[in-house]
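Participant: Data: run.cif, mmCIF, C-alpha atoms.
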```cif
data_start
#
loop_
_atom_site.label_atom_id
_atom_site.label_comp_id
_atom_site.auth_asym_id
_atom_site.auth_seq_id
_atom_site.Cartn_x
_atom_site.Cartn_y
_atom_site.Cartn_z
CA MET Z 1393 6.35 5.94 -20.23
CA GLN Z 1394 6.01 5.60 -16.47
CA PHE Z 1395 8.44 6.98 -13.92
CA GLY Z 1396 8.35 5.95 -10.27
CA GLN Z 1397 9.49 8.02 -7.32
CA GLN Z 1398 12.00 6.96 -4.67
CA ILE Z 1399 12.73 8.33 -1.20
CA HIS Z 1400 15.60 6.96 0.92
CA GLY Z 1401 16.18 4.41 -1.87
CA MET Z 1402 12.65 3.00 -1.49
CA ASP Z 1403 9.95 3.11 -4.16
CA VAL Z 1404 6.97 5.29 -3.25
CA GLU Z 1405 3.71 3.32 -3.59
CA GLY Z 1406 1.00 5.49 -5.16
CA ALA Z 1407 3.42 8.01 -6.69
CA SER Z 1408 4.14 7.79 -10.42
CA LEU Z 1409 4.57 10.18 -13.31
CA TYR Z 1410 3.25 9.22 -16.75
CA VAL Z 1411 4.60 10.77 -19.95
CA HIS Z 1412 2.44 10.25 -23.02
CA VAL Z 1413 4.32 10.28 -26.32
CA GLY Z 1414 2.78 10.52 -29.77
CA LYS Z 1415 3.71 8.29 -32.67
CA TYR Z 1416 6.45 10.71 -33.82
CA GLY Z 1417 8.12 10.87 -30.39
CA LYS Z 1418 6.61 14.20 -29.31
CA VAL Z 1419 5.38 14.52 -25.73
CA ILE Z 1420 1.62 15.03 -25.83
CA GLY Z 1421 0.79 14.85 -22.13
CA VAL Z 1422 2.13 14.38 -18.61
CA ASN Z 1423 0.15 13.35 -15.53
CA GLY Z 1424 0.54 11.56 -12.23
CA GLU Z 1425 1.12 12.06 -8.52
CA MET Z 1426 4.41 12.74 -6.76
CA VAL Z 1427 5.06 13.48 -3.08
CA ASN Z 1428 7.37 15.71 -1.07
CA GLY Z 1429 9.69 13.40 0.81
CA THR Z 1430 11.87 15.90 2.65
CA SER Z 1431 10.38 15.12 6.07
CA VAL Z 1432 9.91 11.35 5.77
CA PRO Z 1433 11.88 9.44 8.41
CA SER Z 1434 14.05 6.57 7.24
CA LYS Z 1435 13.81 4.50 10.45
CA PRO Z 1436 10.61 2.96 11.88
CA THR Z 1437 9.45 3.63 15.45
CA ILE Z 1438 6.64 1.04 15.39
CA ASP Z 1439 7.46 -2.68 15.36
CA ALA Z 1440 6.54 -4.44 12.09
CA SER Z 1441 4.55 -7.21 13.75
CA LEU Z 1442 2.53 -4.78 15.89
CA ALA Z 1443 1.84 -2.48 12.94
CA VAL Z 1444 0.69 -5.26 10.61
CA LYS Z 1445 -1.51 -6.91 13.25
CA ALA Z 1446 -3.19 -3.56 13.97
CA ALA Z 1447 -3.68 -2.90 10.25
CA LEU Z 1448 -5.21 -6.34 9.71
CA LYS Z 1449 -7.55 -5.89 12.67
CA GLU Z 1450 -8.74 -2.47 11.51
CA SER Z 1451 -9.09 -3.57 7.86
CA ARG Z 1452 -11.49 -6.37 8.85
CA VAL Z 1453 -9.71 -8.76 6.49
CA PRO Z 1454 -10.62 -12.26 7.71
CA THR Z 1455 -7.50 -13.56 9.48
CA ASP Z 1456 -8.53 -17.05 10.49
CA ALA Z 1457 -7.17 -20.49 9.60
CA HIS Z 1458 -7.55 -19.64 5.89
CA SER Z 1459 -5.17 -16.66 5.83
CA SER Z 1460 -1.47 -15.84 5.87
CA TYR Z 1461 0.74 -12.84 5.20
CA SER Z 1462 4.24 -12.24 3.90
CA THR Z 1463 7.13 -10.89 5.95
CA PRO Z 1464 6.66 -7.11 6.32
CA THR Z 1465 9.15 -4.84 4.56
CA LEU Z 1466 9.70 -1.09 4.85
CA THR Z 1467 8.41 1.14 2.06
CA ILE Z 1468 7.13 4.64 1.46
CA VAL Z 1469 3.44 5.12 0.67
CA ARG Z 1470 1.52 8.15 -0.60
CA GLY Z 1471 -1.32 8.79 1.87
CA LEU Z 1472 -4.75 8.95 0.29
CA GLU Z 1473 -6.16 11.43 2.78
CA ASP Z 1474 -3.26 13.89 2.80
CA GLY Z 1475 -1.22 13.08 -0.34
CA GLU Z 1476 1.95 13.09 1.79
CA ALA Z 1477 4.71 10.48 1.92
CA HIS Z 1478 4.71 8.10 4.91
CA LEU Z 1479 7.12 5.40 6.03
CA SER Z 1480 5.16 2.15 6.27
CA TRP Z 1481 5.43 -1.59 6.78
CA THR Z 1482 4.12 -3.45 3.75
CA CYS Z 1483 3.06 -7.05 3.33
CA THR Z 1484 0.78 -9.11 1.15
CA ILE Z 1485 -2.07 -10.92 2.86
CA ARG Z 1486 -3.64 -14.01 1.35
CA TYR Z 1487 -7.07 -15.04 2.58
CA ASP Z 1488 -10.12 -16.99 1.49
CA ILE Z 1489 -13.76 -15.94 1.67
CA LEU Z 1490 -16.57 -18.46 1.57
CA GLY Z 1491 -18.74 -17.66 -1.44
CA GLU Z 1492 -22.46 -18.16 -1.87
CA ASP Z 1493 -21.56 -21.18 -4.00
CA GLY Z 1494 -20.07 -22.89 -0.91
CA TYR Z 1495 -16.46 -22.67 -2.18
CA LEU Z 1496 -13.56 -20.73 -0.69
CA HIS Z 1497 -12.43 -17.92 -3.03
CA PRO Z 1498 -8.79 -16.71 -2.69
CA PHE Z 1499 -7.83 -13.03 -2.36
CA ASN Z 1500 -4.42 -11.32 -2.23
CA ASP Z 1501 -4.25 -7.77 -0.87
CA LYS Z 1502 -1.42 -5.43 0.04
CA ILE Z 1503 -1.43 -3.90 3.51
CA PHE Z 1504 0.45 -0.68 4.28
CA ALA Z 1505 0.82 -0.15 8.04
CA LYS Z 1506 2.09 2.99 9.74
CA ALA Z 1507 5.77 2.57 10.71
CA THR Z 1508 6.31 5.80 12.67
CA GLY Z 1509 4.44 7.75 15.31
CA ASP Z 1510 2.43 6.77 18.37
CA SER Z 1511 0.02 4.08 17.14
CA PRO Z 1512 -0.82 2.27 13.92
CA ARG Z 1513 -3.98 3.20 12.01
CA THR Z 1514 -5.35 2.28 8.62
CA TYR Z 1515 -8.00 3.23 6.13
CA PRO Z 1516 -9.32 1.51 3.00
CA ASN Z 1517 -8.26 2.34 -0.52
CA PRO Z 1518 -9.79 1.24 -3.83
CA PRO Z 1519 -10.35 -2.53 -4.16
CA GLU Z 1520 -7.65 -4.96 -3.07
CA VAL Z 1521 -5.36 -2.44 -1.35
CA LEU Z 1522 -5.30 -1.03 2.19
CA TRP Z 1523 -3.11 1.96 2.94
CA CYS Z 1524 -1.91 3.40 6.22
CA SER Z 1525 -0.65 6.80 7.17
#
```
Render the structure in this file as structure tokens.
Facilitator:
Amino acid sequence: MQFGQQIHGMDVEGASLYVHVGKYGKVIGVNGEMVNGTSVPSKPTIDASLAVKAALKESRVPTDAHSSYSTPTLTIVRGLEDGEAHLSWTCTIRYDILGEDGYLHPFNDKIFAKATGDSPRTYPNPPEVLWCS
């Protein structure tokens, strides 16, 4: 079974608890990552458009004629560097990369851009996801 975490009514990306149950219904293991959300603001101080544009620029995702992104929404994300909860703007970016075969290959990645503080910054996560804190 998987349990997600919520803060301010928003799901926390990167925070889940897994309960492993044996065939007779006995719990045999629990693992996962949760965050302390007591100090997470519920209102952004960085504009969504500014945050996402900065995240895309820093991520080096190709944002030319062959790319687009969804409307940013507010979410909470577990920071990879500090393990803390952060309010962020989230959107999905779709882009194409020209392969060695001469064809454009489509990619869809999630971008998490800092929604509070002085300036947006990002850092890469495992494949296909970029996180911000």
Participant: Nearest residue to Ile1485 (chain Z) out of Z:Thr1437, Z:Ile1468, Z:Ile1503, Z:His1497, using all atoms listed in the file?
Facilitator: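 Among the listed residues, the smallest separation from Ile1485 (chain Z) belongs to Z:Ile1503.
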Participant: I'd like to see the residues matched by the PyMOL selection byres ((chain Z and resi 1505) around 6) on this file, and ideally I'd get them as a list in words.
Facilitator: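 Selected by the PyMOL selection byres ((chain Z and resi 1505) around 6) in this file: Ala1443, Val1444, Ala1447, Ser1480, Trp1481, Phe1504, Lys1506 and Cys1524 of chain Z.
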Participant: In Å to one decimal, how far is CA of Gly1429 (chain Z) from CA of Asp1403 (chain Z)?
Facilitator: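 Those two atoms sit 11.4 Å apart.
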Participant: Can you list, as a ChimeraX atom specification, every protein, DNA or RNA residue that comes within 10 Å of Val1422 (chain Z) when you count only C-alpha atoms, leaving out same-chain residues fewer than 6 positions away?
Facilitator: /Z:1393-1394,1409-1413
Participant: Could you check the closest approach to Thr1482 (chain Z) for each of Z:Val1432, Z:Ala1446, Z:Ala1440, Z:Val1453 and tell me which residue wins, using only C-alpha atoms?
Facilitator: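 The answer is Z:Ala1440, which sits nearest to Thr1482 (chain Z).
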Participant: So which one's closest to His1478 (chain Z), Z:Leu1442, Z:Ala1507, Z:Leu1490, Z:Ala1407? Using only C-alpha atoms, please.
Facilitator: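 Comparing Z:Leu1442, Z:Ala1507, Z:Leu1490, Z:Ala1407 against His1478 (chain Z), the winner is Z:Ala1507.
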Participant: CA of Phe1395 (chain Z) to CA of Glu1425 (chain Z): how many Å, to one decimal?
Facilitator: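 If I compute the distance from CA of Phe1395 (chain Z) to CA of Glu1425 (chain Z), I get 10.4 Å.
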Participant: Skipping near chain neighbours, those fewer than 5 positions away, what residues fall within 6 Å of Cys1483 (chain Z) using all atoms listed in the file, listed as an MDAnalysis selection string?
Facilitator: chainID Z and resid 1462 1464 1502:1503
Participant: Now that the selection is made, can you save its residues with C-alpha atoms as a JSON list (two decimals), keeping the file's coordinate frame?
Facilitator:
```json
[["chain", "number", "residue", "atom", "x", "y", "z"],
["Z", 1462, "SER", "CA", 4.24, -12.24, 3.90],
["Z", 1464, "PRO", "CA", 6.66, -7.11, 6.32],
["Z", 1502, "LYS", "CA", -1.42, -5.43, 0.04],
["Z", 1503, "ILE", "CA", -1.43, -3.90, 3.51]]
```
Participant: Give the answer as one residue: which of Z:Thr1508, Z:Asn1428, Z:Ser1459, Z:Ser1408 has the shortest atom-to-atom distance to Thr1484 (chain Z), using only C-alpha atoms?
Facilitator: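 Looking at the shortest contact to Thr1484 (chain Z), the residue is Z:Ser1459.
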Participant: Work out how far CA of Ser1431 (chain Z) is from CA of Asp1501 (chain Z), in Å to one decimal.
Facilitator: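 Interatomic distance here is 28.0 Å.
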Participant: Neighbouring residues of Ala1477 (chain Z) were defined as those with any atom within 6 Å, considering only C-alpha atoms; residues of the same chain fewer than 5 positions away were excluded. Please report them as a PyMOL selection string.
Facilitator: chain Z and resi 1427+1429+1469-1470
Participant: Quick one: of Z:Gly1509, Z:Met1402, Z:Val1419, Z:Ile1489, who's nearest to Thr1465 (chain Z), counting only C-alpha atoms?
Facilitator: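 Closest candidate: Z:Met1402.
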Participant: With all atoms listed in the file as the atoms that count, which of Z:Asn1500, Z:Ser1451, Z:Gln1398, Z:Ser1460 lies nearest to Thr1430 (chain Z)?
Facilitator: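 Of Z:Asn1500, Z:Ser1451, Z:Gln1398, Z:Ser1460, the one nearest Thr1430 (chain Z) is Z:Gln1398, counting all atoms listed in the file.
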